[in-house]
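Participant: Below you will find the structure I want to go over with you.
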Number of protein chains: 2
Amino acid sequence: MRLTEIRIAGFGGQGVILAAMVIGKAVSIFQRDHATMTQNFGPESRGGACSAQVVLSGSPILYPYVTRPDILVAMSQEAYTRFVPELKEGGLLLVEQDLVRLTGLPEGIRVHGVPATRLAEELGRKMVLNVVMVGFFASVTGLVDEQALRRAVEASVPPAYRELNLKAFQKGFEYGTTSLPLTEESEAVPELRGD
Amino acid sequence: MRLTEIRIAGFGGQGVILAAMVIGKAVSIFQRDHATMTQNFGPESRGGACSAQVVLSGSPILYPYVTRPDILVAMSQEAYTRFVPELKEGGLLLVEQDLVRLTGLPEGIRVHGVPATRLAEELGRKMVLNVVMVGFFASVTGLVDEQALRRAVEASVPPAYRELNLKAFQKGFEYGTTSLPLTEESEAVPELRGD
């Protein structure tokens, strides 16, 4: 696979790190390509913000630090505002659409949104919103083998939560299969729409 | 604090990643310096080997990738063999002394050993060997504030396991306070000694 830099960002408690680990594991352990995951514990983590960087590649990765991601997964407004300027031109932005308003969206960015928290709540456990997001990532990007991701989900959560997390993955995946691109005008936060 | 590069390596199931996260969190969240943690999911992770890199610094970290660690924590023979050649001259090596034999130890490396698995077993839970190792790291290096590390341990494990993990930390810490440097001749693996 082609070298792909991904940043996943949100606030503490959303499971940002686990989402990054699932993608990294899927690619390296189950898909047999290469992956690194870097986590900053800077001052930002004190404020409750949380961010992880994943680099995927068909060959060993020499420089694991993401500076211009190809893909940004923004699970909070703060994550969007802070990291969207770093996205590569022509990059892909995935947002938790109930939590992110697309203010000042740069040109040439493709955006898809999913109400990950709401979908997780429908499963009775808000905590699986991260795995909903991973499922959504899977179907929108087509970058990582779907079965490899499912196996990485299974390998990353306690046995008692496997079924729940696989359902969360499926829910996000299915939502992604019919997802249409968002624009700044279409606005990701429904409550803020004028209609 | 001065820029310090650390690699922690062992095999899957030893809790290498959690050990790295505890040190990173202690420094950044509770000690208010900076830290990054990078995890490779390369082909090595398929073989059961596991390695994490932590960079600690008094100022923001621009390049989080460890190439020549100041400190190597080796929890398996494979980890020792693979990563000891990368240690900086004058670097510090901490080993799980029942699992690592100091074959071909480079000149100028200071070595300390702890029977982390055995000490964890004395607490009834082998799984806390990683936190024993973190406690040992704390007292031997004096690099990270001891209370910050205890708080990071508490913040990194499920509530039901807090007390056990704090005991594990304490056990490793106390072992480190009386630790004498090892040499290749003194050999870290007692069963292999000629006496």
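Following the order of the structure tokens, chains are lettered A, B, ..., residues in each are numbered from 1, and ligands are numbered from 1.
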Show me, as a PyMOL selection string, every residue of chain B with an atom at most 7 Å from chain A, counting only C-alpha atoms.
Facilitator: chain B and resi 24-25+28-29+34-43+46
Participant: List the spatial neighbours of B:Arg68 as an MDAnalysis selection string - criterion: any atom at most 7 Å away, only C-alpha atoms, same-chain residues fewer than 4 positions off excluded.
Facilitator: chainID B and resid 86:88
Participant: What does the file look like for those residues with all heavy atoms, as a CSV table (one decimal), in the first residue's frame?
Facilitator:
```
chain,number,residue,atom,x,y,z
B,86,GLU,N,21.9,-0.3,19.5
B,86,GLU,CA,21.4,1.0,19.2
B,86,GLU,C,21.7,2.0,20.4
B,86,GLU,O,21.6,3.2,20.2
B,86,GLU,CB,19.9,1.1,19.0
B,86,GLU,CG,19.5,0.4,17.7
B,86,GLU,CD,18.0,0.4,17.5
B,86,GLU,OE1,17.3,1.0,18.3
B,86,GLU,OE2,17.5,-0.1,16.5
B,87,LEU,N,21.9,1.4,21.6
B,87,LEU,CA,22.1,2.3,22.8
B,87,LEU,C,23.2,3.3,22.6
B,87,LEU,O,24.2,2.9,22.1
B,87,LEU,CB,22.4,1.4,24.0
B,87,LEU,CG,21.3,1.3,25.1
B,87,LEU,CD1,21.8,0.3,26.2
B,87,LEU,CD2,20.9,2.6,25.7
B,88,LYS,N,23.0,4.5,23.1
B,88,LYS,CA,24.0,5.5,23.1
B,88,LYS,C,25.2,5.1,23.9
B,88,LYS,O,25.0,4.4,24.9
B,88,LYS,CB,23.5,6.8,23.6
B,88,LYS,CG,23.1,7.8,22.6
B,88,LYS,CD,22.7,9.1,23.2
B,88,LYS,CE,21.7,9.9,22.3
B,88,LYS,NZ,20.8,10.7,22.9
```
Participant: Neighbours of B:Ser156 within 10 Å (only C-alpha atoms; same-chain residues fewer than 5 positions away dropped), as a PyMOL selection string?
Facilitator: chain B and resi 18-19+21-22+25+150-151+161-162+165
Participant: I need the residue nearest B:Pro69 from this list: B:Val132, B:Leu93, B:Ala49, B:Ala120. Use only C-alpha atoms for the distance.
Facilitator: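 Nearest candidate to B:Pro69 out of B:Val132, B:Leu93, B:Ala49, B:Ala120: B:Leu93.
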Participant: In Å, with one decimal, what is the gap from atom CA of A:Gly10 to atom CA of A:Thr81?
Facilitator: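 Interatomic distance here is 10.9 Å.
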Participant: Tell me, as number ranges by chain, which residues lie within 12 Å of A:Thr177, counting only C-alpha atoms; anything in the same chain fewer than 5 positions away does not count.
Facilitator: A: 112-114, 135-142, 170-172
Participant: Name the residues of stretch 114-191 of chain B that come out as alpha helix (DSSP H) in a backbone DSSP run; write them as a ChimeraX atom specification.
Facilitator: /B:116-122,129-141,146-156,162-177
Participant: With only C-alpha atoms as the atoms that count, which of B:Met127, B:Gly91, B:Ser186, B:Thr4 lies nearest to B:Ile109?
Facilitator: B:Gly91
Participant: Excluding B:Ile8 and residues on its chain fewer than 4 positions from it, collect all residues at most 7 Å away from it, counting only C-alpha atoms, and give them as a short mmCIF file (atom, residue, chain, number, x, y, z; two decimals) with all heavy atoms, in the first residue's frame.
Facilitator:
```cif
data_model
loop_
_atom_site.label_atom_id
_atom_site.label_comp_id
_atom_site.auth_asym_id
_atom_site.auth_seq_id
_atom_site.Cartn_x
_atom_site.Cartn_y
_atom_site.Cartn_z
N VAL B 16 4.41 -3.96 27.54
CA VAL B 16 5.41 -2.98 27.12
C VAL B 16 4.77 -1.61 26.81
O VAL B 16 5.26 -0.57 27.25
CB VAL B 16 6.17 -3.52 25.87
CG1 VAL B 16 6.90 -2.41 25.14
CG2 VAL B 16 7.12 -4.62 26.28
N ALA B 20 5.27 2.13 28.68
CA ALA B 20 5.68 3.35 27.96
C ALA B 20 4.67 4.47 28.19
O ALA B 20 5.04 5.63 28.41
CB ALA B 20 5.82 3.04 26.47
N SER B 51 7.64 -3.32 20.98
CA SER B 51 8.56 -2.26 21.34
C SER B 51 7.88 -0.91 21.27
O SER B 51 7.05 -0.65 20.40
CB SER B 51 9.77 -2.35 20.39
OG SER B 51 10.32 -1.10 20.09
N ALA B 52 8.21 -0.05 22.21
CA ALA B 52 7.66 1.31 22.22
C ALA B 52 8.78 2.29 22.49
O ALA B 52 9.75 1.96 23.18
CB ALA B 52 6.58 1.44 23.29
N GLN B 53 8.64 3.47 21.93
CA GLN B 53 9.65 4.49 22.09
C GLN B 53 9.04 5.69 22.79
O GLN B 53 7.95 6.14 22.42
CB GLN B 53 10.17 4.91 20.72
CG GLN B 53 10.73 3.74 19.95
CD GLN B 53 10.69 3.97 18.46
OE1 GLN B 53 11.70 4.33 17.89
NE2 GLN B 53 9.54 3.80 17.86
N LEU B 72 17.58 1.90 27.46
CA LEU B 72 16.87 0.75 26.90
C LEU B 72 16.34 -0.11 28.04
O LEU B 72 17.12 -0.48 28.92
CB LEU B 72 17.81 -0.08 26.02
CG LEU B 72 17.27 -1.45 25.55
CD1 LEU B 72 16.04 -1.31 24.66
CD2 LEU B 72 18.37 -2.24 24.81
N VAL B 73 15.06 -0.39 28.02
CA VAL B 73 14.47 -1.33 28.97
C VAL B 73 14.19 -2.61 28.18
O VAL B 73 13.31 -2.62 27.30
CB VAL B 73 13.17 -0.78 29.58
CG1 VAL B 73 12.57 -1.78 30.56
CG2 VAL B 73 13.42 0.56 30.28
N ALA B 74 14.96 -3.67 28.45
CA ALA B 74 14.84 -4.91 27.69
C ALA B 74 14.20 -5.99 28.56
O ALA B 74 14.78 -6.40 29.55
CB ALA B 74 16.20 -5.37 27.18
#
```
Participant: Can you measure atom CA of A:Leu149 to atom CA of A:Met1 for me? One decimal in Å is fine.
Facilitator: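 Distance between the two atoms: 15.2 Å.
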Participant: Contacts of stretch 96-102 of chain A at 10 Å or less, counting only C-alpha atoms, minus same-chain residues fewer than 2 places along, as number ranges by chain?
Facilitator: A: 10, 73-81, 84, 94, 104-106, 111-118, 129-130, 133, 182-192
Participant: Restricting it to N, CA, C and O atoms, dump the selection as a short mmCIF file (atom, residue, chain, number, x, y, z; two decimals), in the first residue's frame.
Facilitator:
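Written file, again36.cif:
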```
data_model
loop_
_atom_site.label_atom_id
_atom_site.label_comp_id
_atom_site.auth_asym_id
_atom_site.auth_seq_id
_atom_site.Cartn_x
_atom_site.Cartn_y
_atom_site.Cartn_z
N GLY A 10 -9.55 14.11 18.94
CA GLY A 10 -10.82 14.33 19.62
C GLY A 10 -10.54 14.77 21.03
O GLY A 10 -9.51 15.37 21.30
N VAL A 73 -9.20 12.50 10.93
CA VAL A 73 -10.44 12.10 11.57
C VAL A 73 -10.64 13.04 12.76
O VAL A 73 -9.88 12.97 13.73
N ALA A 74 -11.62 13.93 12.66
CA ALA A 74 -11.83 14.94 13.71
C ALA A 74 -13.10 14.61 14.48
O ALA A 74 -14.20 14.63 13.93
N MET A 75 -12.93 14.31 15.76
CA MET A 75 -14.07 13.90 16.58
C MET A 75 -14.54 15.02 17.51
O MET A 75 -15.41 14.79 18.34
N SER A 76 -13.94 16.20 17.39
CA SER A 76 -14.40 17.35 18.19
C SER A 76 -14.12 18.63 17.41
O SER A 76 -13.30 18.64 16.49
N GLN A 77 -14.80 19.69 17.80
CA GLN A 77 -14.60 20.98 17.13
C GLN A 77 -13.16 21.45 17.29
O GLN A 77 -12.55 21.96 16.35
N GLU A 78 -12.64 21.29 18.49
CA GLU A 78 -11.26 21.70 18.76
C GLU A 78 -10.27 20.94 17.87
O GLU A 78 -9.33 21.52 17.32
N ALA A 79 -10.53 19.65 17.70
CA ALA A 79 -9.66 18.84 16.85
C ALA A 79 -9.73 19.33 15.41
O ALA A 79 -8.71 19.43 14.72
N TYR A 80 -10.94 19.64 14.96
CA TYR A 80 -11.12 20.16 13.59
C TYR A 80 -10.34 21.47 13.42
O TYR A 80 -9.55 21.62 12.49
N THR A 81 -10.59 22.41 14.31
CA THR A 81 -10.01 23.75 14.19
C THR A 81 -8.49 23.69 14.22
O THR A 81 -7.81 24.36 13.45
N VAL A 84 -7.24 20.88 10.94
CA VAL A 84 -7.64 20.94 9.53
C VAL A 84 -6.67 21.76 8.68
O VAL A 84 -6.45 21.42 7.50
N LEU A 94 -12.72 13.23 7.85
CA LEU A 94 -13.88 12.52 8.39
C LEU A 94 -14.23 13.17 9.72
O LEU A 94 -13.36 13.36 10.57
N GLY A 104 -14.68 27.59 8.06
CA GLY A 104 -13.37 27.87 7.44
C GLY A 104 -12.73 26.68 6.80
O GLY A 104 -11.50 26.52 6.84
N LEU A 105 -13.55 25.81 6.21
CA LEU A 105 -13.02 24.60 5.55
C LEU A 105 -12.12 25.00 4.38
O LEU A 105 -12.55 25.72 3.49
N PRO A 106 -10.87 24.53 4.35
CA PRO A 106 -10.00 24.88 3.23
C PRO A 106 -10.53 24.30 1.92
O PRO A 106 -11.25 23.30 1.92
N VAL A 111 -14.93 15.92 2.41
CA VAL A 111 -15.41 15.72 3.80
C VAL A 111 -16.55 14.71 3.83
O VAL A 111 -17.49 14.78 3.02
N HIS A 112 -16.46 13.78 4.77
CA HIS A 112 -17.60 12.89 5.05
C HIS A 112 -17.88 12.92 6.55
O HIS A 112 -16.94 13.00 7.35
N GLY A 113 -19.15 12.86 6.90
CA GLY A 113 -19.52 12.93 8.32
C GLY A 113 -20.36 11.75 8.76
O GLY A 113 -21.11 11.17 7.97
N VAL A 114 -20.24 11.44 10.03
CA VAL A 114 -21.04 10.35 10.63
C VAL A 114 -21.42 10.77 12.05
O VAL A 114 -20.60 11.36 12.76
N PRO A 115 -22.68 10.53 12.44
CA PRO A 115 -23.07 10.83 13.82
C PRO A 115 -22.63 9.69 14.73
O PRO A 115 -23.47 8.94 15.25
N ALA A 116 -21.33 9.54 14.92
CA ALA A 116 -20.78 8.35 15.58
C ALA A 116 -21.29 8.19 17.01
O ALA A 116 -21.59 7.07 17.45
N THR A 117 -21.40 9.29 17.73
CA THR A 117 -21.85 9.20 19.12
C THR A 117 -23.30 8.69 19.18
O THR A 117 -23.62 7.80 19.96
N ARG A 118 -24.14 9.27 18.31
CA ARG A 118 -25.54 8.84 18.28
C ARG A 118 -25.67 7.37 17.89
O ARG A 118 -26.45 6.62 18.49
N LEU A 129 -18.18 4.77 20.27
CA LEU A 129 -18.20 5.72 19.15
C LEU A 129 -16.90 5.66 18.34
O LEU A 129 -16.90 5.90 17.14
N ASN A 130 -15.80 5.36 19.01
CA ASN A 130 -14.52 5.27 18.28
C ASN A 130 -14.52 4.14 17.26
O ASN A 130 -13.98 4.27 16.17
N MET A 133 -16.52 4.98 14.34
CA MET A 133 -15.70 5.85 13.48
C MET A 133 -14.73 5.02 12.63
O MET A 133 -14.50 5.33 11.46
N LEU A 182 -19.80 16.15 2.38
CA LEU A 182 -20.34 17.37 2.99
C LEU A 182 -19.57 18.58 2.47
O LEU A 182 -18.42 18.47 2.06
N THR A 183 -20.23 19.74 2.52
CA THR A 183 -19.53 20.98 2.23
C THR A 183 -19.74 21.92 3.41
O THR A 183 -20.56 21.65 4.29
N GLU A 184 -19.03 23.04 3.40
CA GLU A 184 -19.20 24.00 4.49
C GLU A 184 -20.66 24.45 4.54
O GLU A 184 -21.24 24.63 5.61
N GLU A 185 -21.28 24.57 3.35
CA GLU A 185 -22.67 25.03 3.28
C GLU A 185 -23.64 23.99 3.85
O GLU A 185 -24.60 24.33 4.53
N SER A 186 -23.36 22.72 3.57
CA SER A 186 -24.29 21.69 4.06
C SER A 186 -24.19 21.55 5.57
O SER A 186 -25.09 21.03 6.21
N GLU A 187 -23.15 22.02 6.13
CA GLU A 187 -22.90 22.03 7.57
C GLU A 187 -23.11 20.69 8.26
O GLU A 187 -24.14 20.06 8.14
N ALA A 188 -22.11 20.35 9.00
CA ALA A 188 -22.14 19.03 9.62
C ALA A 188 -23.03 18.97 10.86
O ALA A 188 -23.50 17.91 11.22
N VAL A 189 -23.26 20.10 11.52
CA VAL A 189 -24.04 20.07 12.76
C VAL A 189 -25.50 20.41 12.45
O VAL A 189 -25.83 21.54 12.13
N PRO A 190 -26.38 19.41 12.47
CA PRO A 190 -27.77 19.63 12.05
C PRO A 190 -28.47 20.73 12.83
O PRO A 190 -29.21 21.51 12.26
N GLU A 191 -28.20 20.79 14.12
CA GLU A 191 -28.88 21.80 14.95
C GLU A 191 -28.59 23.22 14.49
O GLU A 191 -29.31 24.15 14.82
N LEU A 192 -27.50 23.38 13.78
CA LEU A 192 -27.11 24.74 13.39
C LEU A 192 -27.61 25.07 11.99
O LEU A 192 -27.41 26.16 11.50
#
```
Participant: So that I can check the surroundings of B:Gln31, please list as a list in words every protein, DNA and RNA residue that reaches within 10 Å of it, counting only C-alpha atoms and ignoring chain neighbours fewer than 6 positions away.
Facilitator: Gly24, Lys25, Gly58, Val144, Asp145, Glu146, Gln147, Ala148, Leu149 and Ala152 of chain B
Participant: Can I get the selection written as a compact mmCIF listing (two decimals), in the first residue's frame, with C-alpha atoms?
Facilitator:
```txt
# COMPACT_ATOMS: atom_id res chain seq x y z
CA GLY B 24 4.84 9.40 29.03
CA LYS B 25 1.78 10.38 31.04
CA GLY B 58 11.42 19.98 28.95
CA VAL B 144 10.84 11.15 36.48
CA ASP B 145 9.12 12.35 39.63
CA GLU B 146 8.12 9.36 41.71
CA GLN B 147 4.71 10.76 42.66
CA ALA B 148 3.98 11.69 39.04
CA LEU B 149 4.66 8.07 38.09
CA ALA B 152 0.17 7.91 36.03
```
Participant: May I have all residues of stretch 34-145 of chain A that DSSP, computed from the backbone, assigns to strand (DSSP E or B), given as an MDAnalysis selection string?
Facilitator: chainID A and resid 34:40 49:57 71:74 92:96 110:114
